[in-house]
Amino acid sequence: GHGERGDIVSDYCMKYIRDTLCTHPKFESDLKTALIETFVRCDEKMAQDDVPVIHSGTTAVVAVLVGNKMTIASVGDSRAVLGRKDGTAKDLTVDQNPDHPLEMPRILKAGGFVKKGVDGLSSRVYLNKELTMVGLAMARSLGDRCVKHVGVIAEPAVVEYTVDDAEDAFIIMASDGIWEFVPSQYAVDLASDELKHSNDAT
């Protein structure tokens with residue numbers, strides 16, 4: 001979570017999505033729709049339940065595996081990364097930064113302003129052209145009602161991936177608290193080493 005009460009928002013979303021996704025009427029027939037509608041409903045429900053979401057929010061990444069088909073929904077810059085048996089990393093999601101070509105046009109059309117990231121700093125969404133009001137570092141999130149009217153949406157991007165048991169080893173899902181400092185490949189290297197040591201110990 002992020003903002004004044006991001007911990008409350010992230011805890012609410014974690015529990016809401018966990019507890020309601022599998023009861024969605026389309027969970028078995030249309031998982032993509034079930035994920036999108038669950039995320040959006042979670043965002044709406046927080047406002048109804050008086051969760052402090054005006055200046056607080058959270059990113060999220062959720063993966064559902066059915067057989068060998070993995071469906072992944074994400075908002076913000078939480079990321080899912082696949083670790084393969086050959087040691088390589090494969091990003092399964094795309095960080096939804098405000099200056100991303102698929103995100104920025106929506107924000108600008110809605111009247112928001114985007115400051116592009118420079119020198120390792122994240123791009124940000126602002127409410128005014130002076131770039132002083134808010135400064136959210138993502139184009140999609142749960143919560144953050146103060147920037148919803150300028151194109152920051154709760155609808156997740158959803159991707160599907162067919163898991164190959166012969167090639168794929170594990171998945172890492174984490175927030176920008178990891179990815180802001182650790183590249184995907186380095187995280188996979190660390191996890192691979194840890195798994196190797198664990199296996200060697202047994």
# chains A, B, ... in the order shown; residues from 1 in each chain; ligands from 1

call {"tool": "closest_atom_pairs", "arguments": {"of": "region 62-106 of chain A", "to": "region 148-151 of chain A", "cutoff": "10 Å", "atoms": "only C-alpha atoms", "output": "Markdown table"}}
result
| residue | atom | partner | partner_atom | distance |
| --- | --- | --- | --- | --- |
| A:Pro98 | CA | A:Gly151 | CA | 9.8 |
| A:Glu103 | CA | A:Gly151 | CA | 8.7 |
| A:Met104 | CA | A:Gly151 | CA | 8.7 |
| A:Pro105 | CA | A:Gly151 | CA | 9.0 |
| A:Arg106 | CA | A:Gly151 | CA | 5.7 |

call {"tool": "write_last_selection", "arguments": {"atoms": "N, CA, C and O atoms", "output": "mmCIF file, in the first residue's frame"}}
result
data_model
loop_
_atom_site.group_PDB
_atom_site.id
_atom_site.type_symbol
_atom_site.label_atom_id
_atom_site.label_comp_id
_atom_site.auth_asym_id
_atom_site.auth_seq_id
_atom_site.Cartn_x
_atom_site.Cartn_y
_atom_site.Cartn_z
ATOM 1 N N PRO A 98 2.837 5.803 -15.289
ATOM 2 C CA PRO A 98 2.033 6.851 -15.935
ATOM 3 C C PRO A 98 2.518 7.255 -17.323
ATOM 4 O O PRO A 98 1.717 7.711 -18.143
ATOM 5 N N GLU A 103 -0.801 3.809 -21.241
ATOM 6 C CA GLU A 103 -1.452 4.402 -20.070
ATOM 7 C C GLU A 103 -1.575 5.928 -20.152
ATOM 8 O O GLU A 103 -2.603 6.497 -19.802
ATOM 9 N N MET A 104 -0.516 6.586 -20.606
ATOM 10 C CA MET A 104 -0.479 8.050 -20.572
ATOM 11 C C MET A 104 -1.596 8.715 -21.376
ATOM 12 O O MET A 104 -2.181 9.703 -20.891
ATOM 13 N N PRO A 105 -1.950 8.234 -22.574
ATOM 14 C CA PRO A 105 -3.019 8.917 -23.318
ATOM 15 C C PRO A 105 -4.339 8.994 -22.545
ATOM 16 O O PRO A 105 -5.045 10.007 -22.620
ATOM 17 N N ARG A 106 -4.682 7.956 -21.796
ATOM 18 C CA ARG A 106 -5.914 7.963 -21.015
ATOM 19 C C ARG A 106 -5.876 9.044 -19.935
ATOM 20 O O ARG A 106 -6.861 9.759 -19.705
#

call {"tool": "residues_around", "arguments": {"residues": "region 176-187 of chain A", "least_positions_apart": "6", "cutoff": "7 Å", "atoms": "only C-alpha atoms", "output": "list of chain:residue names"}}
result
A:Asp77, A:Ser78, A:Val81, A:Thr88, A:Ala89

call {"tool": "atom_distance", "arguments": {"atom1": "CA of Arg41 (chain A)", "atom2": "CA of Gly3 (chain A)"}}
result
20.8 Å

call {"tool": "residues_around", "arguments": {"residues": "Met14 (chain A)", "least_positions_apart": "6", "cutoff": "12 Å", "atoms": "only C-alpha atoms", "output": "JSON, numbers by chain"}}
result
{"A": [1, 7, 8, 20, 21, 38, 39, 42, 43, 46, 58, 59, 60, 61, 62, 142]}

call {"tool": "write_last_selection", "arguments": {"atoms": "N, CA and C atoms", "output": "PDB file, in the first residue's frame"}}
result
ATOM      1  N   GLY A   1       0.819  -1.199   0.000  1.00  0.00           N
ATOM      2  CA  GLY A   1       0.000   0.000   0.000  1.00  0.00           C
ATOM      3  C   GLY A   1       0.855   1.252   0.000  1.00  0.00           C
ATOM      4  N   ASP A   7      -1.515   0.853   4.389  1.00  0.00           N
ATOM      5  CA  ASP A   7      -1.543  -0.464   5.027  1.00  0.00           C
ATOM      6  C   ASP A   7      -2.974  -0.974   5.181  1.00  0.00           C
ATOM      7  N   ILE A   8      -3.892  -0.073   5.507  1.00  0.00           N
ATOM      8  CA  ILE A   8      -5.298  -0.457   5.664  1.00  0.00           C
ATOM      9  C   ILE A   8      -5.900  -0.830   4.313  1.00  0.00           C
ATOM     10  N   THR A  20     -13.591 -13.160  -2.282  1.00  0.00           N
ATOM     11  CA  THR A  20     -14.731 -13.021  -3.196  1.00  0.00           C
ATOM     12  C   THR A  20     -14.477 -13.500  -4.619  1.00  0.00           C
ATOM     13  N   LEU A  21     -13.242 -13.551  -5.051  1.00  0.00           N
ATOM     14  CA  LEU A  21     -12.969 -13.930  -6.438  1.00  0.00           C
ATOM     15  C   LEU A  21     -13.552 -15.296  -6.785  1.00  0.00           C
ATOM     16  N   THR A  38     -13.923  -8.251 -10.125  1.00  0.00           N
ATOM     17  CA  THR A  38     -13.598  -8.336  -8.699  1.00  0.00           C
ATOM     18  C   THR A  38     -12.709  -7.172  -8.279  1.00  0.00           C
ATOM     19  N   PHE A  39     -11.720  -6.828  -9.083  1.00  0.00           N
ATOM     20  CA  PHE A  39     -10.852  -5.687  -8.773  1.00  0.00           C
ATOM     21  C   PHE A  39     -11.669  -4.391  -8.725  1.00  0.00           C
ATOM     22  N   CYS A  42     -13.962  -4.295  -5.762  1.00  0.00           N
ATOM     23  CA  CYS A  42     -13.179  -4.051  -4.553  1.00  0.00           C
ATOM     24  C   CYS A  42     -12.927  -2.555  -4.382  1.00  0.00           C
ATOM     25  N   ASP A  43     -12.574  -1.894  -5.459  1.00  0.00           N
ATOM     26  CA  ASP A  43     -12.308  -0.453  -5.421  1.00  0.00           C
ATOM     27  C   ASP A  43     -13.562   0.314  -5.016  1.00  0.00           C
ATOM     28  N   MET A  46     -14.592  -0.334  -1.197  1.00  0.00           N
ATOM     29  CA  MET A  46     -13.806   0.384  -0.188  1.00  0.00           C
ATOM     30  C   MET A  46     -14.406   1.739   0.122  1.00  0.00           C
ATOM     31  N   THR A  58      -3.317   1.076  -3.186  1.00  0.00           N
ATOM     32  CA  THR A  58      -2.403  -0.062  -3.256  1.00  0.00           C
ATOM     33  C   THR A  58      -2.298  -0.566  -4.684  1.00  0.00           C
ATOM     34  N   THR A  59      -1.179  -1.153  -4.995  1.00  0.00           N
ATOM     35  CA  THR A  59      -1.036  -1.908  -6.226  1.00  0.00           C
ATOM     36  C   THR A  59      -1.425  -3.351  -5.905  1.00  0.00           C
ATOM     37  N   ALA A  60      -1.532  -4.182  -6.923  1.00  0.00           N
ATOM     38  CA  ALA A  60      -1.892  -5.579  -6.668  1.00  0.00           C
ATOM     39  C   ALA A  60      -1.520  -6.440  -7.866  1.00  0.00           C
ATOM     40  N   VAL A  61      -1.167  -7.679  -7.570  1.00  0.00           N
ATOM     41  CA  VAL A  61      -0.992  -8.671  -8.630  1.00  0.00           C
ATOM     42  C   VAL A  61      -1.540  -9.991  -8.108  1.00  0.00           C
ATOM     43  N   VAL A  62      -2.397 -10.615  -8.908  1.00  0.00           N
ATOM     44  CA  VAL A  62      -3.063 -11.860  -8.524  1.00  0.00           C
ATOM     45  C   VAL A  62      -2.901 -12.862  -9.662  1.00  0.00           C
ATOM     46  N   LEU A 142      -5.737   0.470  -6.803  1.00  0.00           N
ATOM     47  CA  LEU A 142      -6.947   0.322  -6.004  1.00  0.00           C
ATOM     48  C   LEU A 142      -6.907   1.407  -4.944  1.00  0.00           C
TER      49      LEU A 142
END

call {"tool": "atom_distance", "arguments": {"atom1": "CA of Asp91 (chain A)", "atom2": "CA of His55 (chain A)"}}
result
29.5 Å

call {"tool": "atom_distance", "arguments": {"atom1": "CA of Met138 (chain A)", "atom2": "CA of Glu155 (chain A)"}}
result
12.8 Å

call {"tool": "closest_residue", "arguments": {"among": "A:Asp189, A:Glu28, A:Glu194, A:Asp19", "to": "Asp86 (chain A)", "atoms": "only C-alpha atoms"}}
result
A:Asp189

call {"tool": "select_by_dssp", "arguments": {"residues": "region 37-113 of chain A", "states": "alpha helix (DSSP H)", "output": "ChimeraX atom specification"}}
result
/A:37-48,104-109

call {"tool": "select_by_dssp", "arguments": {"residues": "chain A", "states": "strand (DSSP E)", "output": "PyMOL selection string"}}
result
chain A and resi 2-3+56-58+60-66+69-75+79-84+89-91+113-115+124-126+134-136+142-143+157-162+168-174

call {"tool": "residues_around", "arguments": {"residues": "Ala137 (chain A)", "least_positions_apart": "4", "cutoff": "8 Å", "atoms": "only C-alpha atoms", "output": "list in words"}}
result
Asn97, Pro98, Ser122, Ser123, Arg124 and Val125 of chain A

call {"tool": "closest_residue", "arguments": {"among": "A:Asn128, A:Ala139, A:Asp193, A:Arg84", "to": "Leu102 (chain A)", "atoms": "only C-alpha atoms"}}
result
A:Ala139

call {"tool": "residues_around", "arguments": {"residues": "Ala169 (chain A)", "least_positions_apart": "4", "cutoff": "9 Å", "atoms": "only C-alpha atoms", "output": "PyMOL selection string"}}
result
chain A and resi 82-87+164-165+192

call {"tool": "decode", "arguments": {"residues": "region 34-46 of chain A", "atoms": "all heavy atoms", "output": "PDB file, in the first residue's frame"}}
result
ATOM      1  N   ALA A  34     -14.010 -12.300 -14.463  1.00  0.00           N
ATOM      2  CA  ALA A  34     -14.156 -12.419 -13.013  1.00  0.00           C
ATOM      3  C   ALA A  34     -13.095 -11.597 -12.295  1.00  0.00           C
ATOM      4  O   ALA A  34     -13.388 -10.901 -11.309  1.00  0.00           O
ATOM      5  CB  ALA A  34     -14.085 -13.874 -12.589  1.00  0.00           C
ATOM      6  N   LEU A  35     -11.865 -11.647 -12.763  1.00  0.00           N
ATOM      7  CA  LEU A  35     -10.785 -10.883 -12.151  1.00  0.00           C
ATOM      8  C   LEU A  35     -11.013  -9.381 -12.305  1.00  0.00           C
ATOM      9  O   LEU A  35     -10.889  -8.613 -11.347  1.00  0.00           O
ATOM     10  CB  LEU A  35      -9.445 -11.281 -12.771  1.00  0.00           C
ATOM     11  CG  LEU A  35      -8.835 -12.577 -12.254  1.00  0.00           C
ATOM     12  CD1 LEU A  35      -7.790 -13.122 -13.227  1.00  0.00           C
ATOM     13  CD2 LEU A  35      -8.208 -12.376 -10.878  1.00  0.00           C
ATOM     14  N   ILE A  36     -11.342  -8.949 -13.505  1.00  0.00           N
ATOM     15  CA  ILE A  36     -11.560  -7.521 -13.744  1.00  0.00           C
ATOM     16  C   ILE A  36     -12.688  -6.996 -12.859  1.00  0.00           C
ATOM     17  O   ILE A  36     -12.541  -5.974 -12.173  1.00  0.00           O
ATOM     18  CB  ILE A  36     -11.876  -7.255 -15.231  1.00  0.00           C
ATOM     19  CG1 ILE A  36     -10.623  -7.506 -16.087  1.00  0.00           C
ATOM     20  CG2 ILE A  36     -12.385  -5.831 -15.432  1.00  0.00           C
ATOM     21  CD1 ILE A  36     -10.868  -7.458 -17.577  1.00  0.00           C
ATOM     22  N   GLU A  37     -13.803  -7.702 -12.857  1.00  0.00           N
ATOM     23  CA  GLU A  37     -14.954  -7.228 -12.085  1.00  0.00           C
ATOM     24  C   GLU A  37     -14.703  -7.284 -10.578  1.00  0.00           C
ATOM     25  O   GLU A  37     -15.188  -6.428  -9.825  1.00  0.00           O
ATOM     26  CB  GLU A  37     -16.198  -8.035 -12.465  1.00  0.00           C
ATOM     27  CG  GLU A  37     -16.659  -7.748 -13.896  1.00  0.00           C
ATOM     28  CD  GLU A  37     -17.924  -8.504 -14.279  1.00  0.00           C
ATOM     29  OE1 GLU A  37     -18.396  -9.357 -13.488  1.00  0.00           O
ATOM     30  OE2 GLU A  37     -18.440  -8.238 -15.386  1.00  0.00           O
ATOM     31  N   THR A  38     -13.923  -8.251 -10.125  1.00  0.00           N
ATOM     32  CA  THR A  38     -13.598  -8.336  -8.699  1.00  0.00           C
ATOM     33  C   THR A  38     -12.709  -7.172  -8.279  1.00  0.00           C
ATOM     34  O   THR A  38     -12.922  -6.560  -7.223  1.00  0.00           O
ATOM     35  CB  THR A  38     -12.917  -9.678  -8.378  1.00  0.00           C
ATOM     36  OG1 THR A  38     -13.815 -10.749  -8.680  1.00  0.00           O
ATOM     37  CG2 THR A  38     -12.534  -9.763  -6.907  1.00  0.00           C
ATOM     38  N   PHE A  39     -11.720  -6.828  -9.083  1.00  0.00           N
ATOM     39  CA  PHE A  39     -10.852  -5.687  -8.773  1.00  0.00           C
ATOM     40  C   PHE A  39     -11.669  -4.391  -8.725  1.00  0.00           C
ATOM     41  O   PHE A  39     -11.553  -3.597  -7.783  1.00  0.00           O
ATOM     42  CB  PHE A  39      -9.757  -5.551  -9.830  1.00  0.00           C
ATOM     43  CG  PHE A  39      -8.500  -6.319  -9.546  1.00  0.00           C
ATOM     44  CD1 PHE A  39      -8.523  -7.690  -9.386  1.00  0.00           C
ATOM     45  CD2 PHE A  39      -7.274  -5.673  -9.457  1.00  0.00           C
ATOM     46  CE1 PHE A  39      -7.367  -8.408  -9.138  1.00  0.00           C
ATOM     47  CE2 PHE A  39      -6.101  -6.374  -9.211  1.00  0.00           C
ATOM     48  CZ  PHE A  39      -6.143  -7.745  -9.041  1.00  0.00           C
ATOM     49  N   VAL A  40     -12.489  -4.175  -9.747  1.00  0.00           N
ATOM     50  CA  VAL A  40     -13.266  -2.941  -9.828  1.00  0.00           C
ATOM     51  C   VAL A  40     -14.264  -2.860  -8.673  1.00  0.00           C
ATOM     52  O   VAL A  40     -14.435  -1.807  -8.050  1.00  0.00           O
ATOM     53  CB  VAL A  40     -13.988  -2.841 -11.187  1.00  0.00           C
ATOM     54  CG1 VAL A  40     -14.962  -1.660 -11.200  1.00  0.00           C
ATOM     55  CG2 VAL A  40     -12.962  -2.685 -12.306  1.00  0.00           C
ATOM     56  N   ARG A  41     -14.909  -3.983  -8.365  1.00  0.00           N
ATOM     57  CA  ARG A  41     -15.860  -4.009  -7.258  1.00  0.00           C
ATOM     58  C   ARG A  41     -15.156  -3.757  -5.925  1.00  0.00           C
ATOM     59  O   ARG A  41     -15.683  -3.066  -5.045  1.00  0.00           O
ATOM     60  CB  ARG A  41     -16.587  -5.351  -7.232  1.00  0.00           C
ATOM     61  CG  ARG A  41     -17.611  -5.491  -6.108  1.00  0.00           C
ATOM     62  CD  ARG A  41     -18.652  -4.397  -6.153  1.00  0.00           C
ATOM     63  NE  ARG A  41     -19.608  -4.510  -5.055  1.00  0.00           N
ATOM     64  CZ  ARG A  41     -20.250  -3.494  -4.510  1.00  0.00           C
ATOM     65  NH1 ARG A  41     -20.041  -2.254  -4.955  1.00  0.00           N
ATOM     66  NH2 ARG A  41     -21.106  -3.681  -3.523  1.00  0.00           N
ATOM     67  N   CYS A  42     -13.962  -4.295  -5.762  1.00  0.00           N
ATOM     68  CA  CYS A  42     -13.179  -4.051  -4.553  1.00  0.00           C
ATOM     69  C   CYS A  42     -12.927  -2.555  -4.382  1.00  0.00           C
ATOM     70  O   CYS A  42     -13.086  -2.004  -3.286  1.00  0.00           O
ATOM     71  CB  CYS A  42     -11.861  -4.818  -4.624  1.00  0.00           C
ATOM     72  SG  CYS A  42     -10.754  -4.538  -3.222  1.00  0.00           S
ATOM     73  N   ASP A  43     -12.574  -1.894  -5.459  1.00  0.00           N
ATOM     74  CA  ASP A  43     -12.308  -0.453  -5.421  1.00  0.00           C
ATOM     75  C   ASP A  43     -13.562   0.314  -5.016  1.00  0.00           C
ATOM     76  O   ASP A  43     -13.501   1.242  -4.198  1.00  0.00           O
ATOM     77  CB  ASP A  43     -11.821  -0.001  -6.803  1.00  0.00           C
ATOM     78  CG  ASP A  43     -11.307   1.421  -6.797  1.00  0.00           C
ATOM     79  OD1 ASP A  43     -10.268   1.664  -6.156  1.00  0.00           O
ATOM     80  OD2 ASP A  43     -11.939   2.286  -7.428  1.00  0.00           O
ATOM     81  N   GLU A  44     -14.704  -0.072  -5.571  1.00  0.00           N
ATOM     82  CA  GLU A  44     -15.961   0.596  -5.245  1.00  0.00           C
ATOM     83  C   GLU A  44     -16.382   0.322  -3.802  1.00  0.00           C
ATOM     84  O   GLU A  44     -16.861   1.213  -3.097  1.00  0.00           O
ATOM     85  CB  GLU A  44     -17.061   0.118  -6.198  1.00  0.00           C
ATOM     86  CG  GLU A  44     -16.821   0.494  -7.652  1.00  0.00           C
ATOM     87  CD  GLU A  44     -17.752  -0.219  -8.604  1.00  0.00           C
ATOM     88  OE1 GLU A  44     -18.413  -1.211  -8.183  1.00  0.00           O
ATOM     89  OE2 GLU A  44     -17.834   0.205  -9.772  1.00  0.00           O
ATOM     90  N   LYS A  45     -16.192  -0.925  -3.374  1.00  0.00           N
ATOM     91  CA  LYS A  45     -16.643  -1.339  -2.049  1.00  0.00           C
ATOM     92  C   LYS A  45     -15.867  -0.610  -0.948  1.00  0.00           C
ATOM     93  O   LYS A  45     -16.416  -0.301   0.106  1.00  0.00           O
ATOM     94  CB  LYS A  45     -16.465  -2.848  -1.911  1.00  0.00           C
ATOM     95  CG  LYS A  45     -17.145  -3.474  -0.709  1.00  0.00           C
ATOM     96  CD  LYS A  45     -18.638  -3.615  -0.922  1.00  0.00           C
ATOM     97  CE  LYS A  45     -19.291  -4.526   0.102  1.00  0.00           C
ATOM     98  NZ  LYS A  45     -19.064  -4.161   1.491  1.00  0.00           N
ATOM     99  N   MET A  46     -14.592  -0.334  -1.197  1.00  0.00           N
ATOM    100  CA  MET A  46     -13.806   0.384  -0.188  1.00  0.00           C
ATOM    101  C   MET A  46     -14.406   1.739   0.122  1.00  0.00           C
ATOM    102  O   MET A  46     -14.470   2.151   1.285  1.00  0.00           O
ATOM    103  CB  MET A  46     -12.355   0.539  -0.656  1.00  0.00           C
ATOM    104  CG  MET A  46     -11.527  -0.703  -0.482  1.00  0.00           C
ATOM    105  SD  MET A  46      -9.768  -0.386  -0.689  1.00  0.00           S
ATOM    106  CE  MET A  46      -9.670  -0.042  -2.448  1.00  0.00           C
TER     107      MET A  46
END
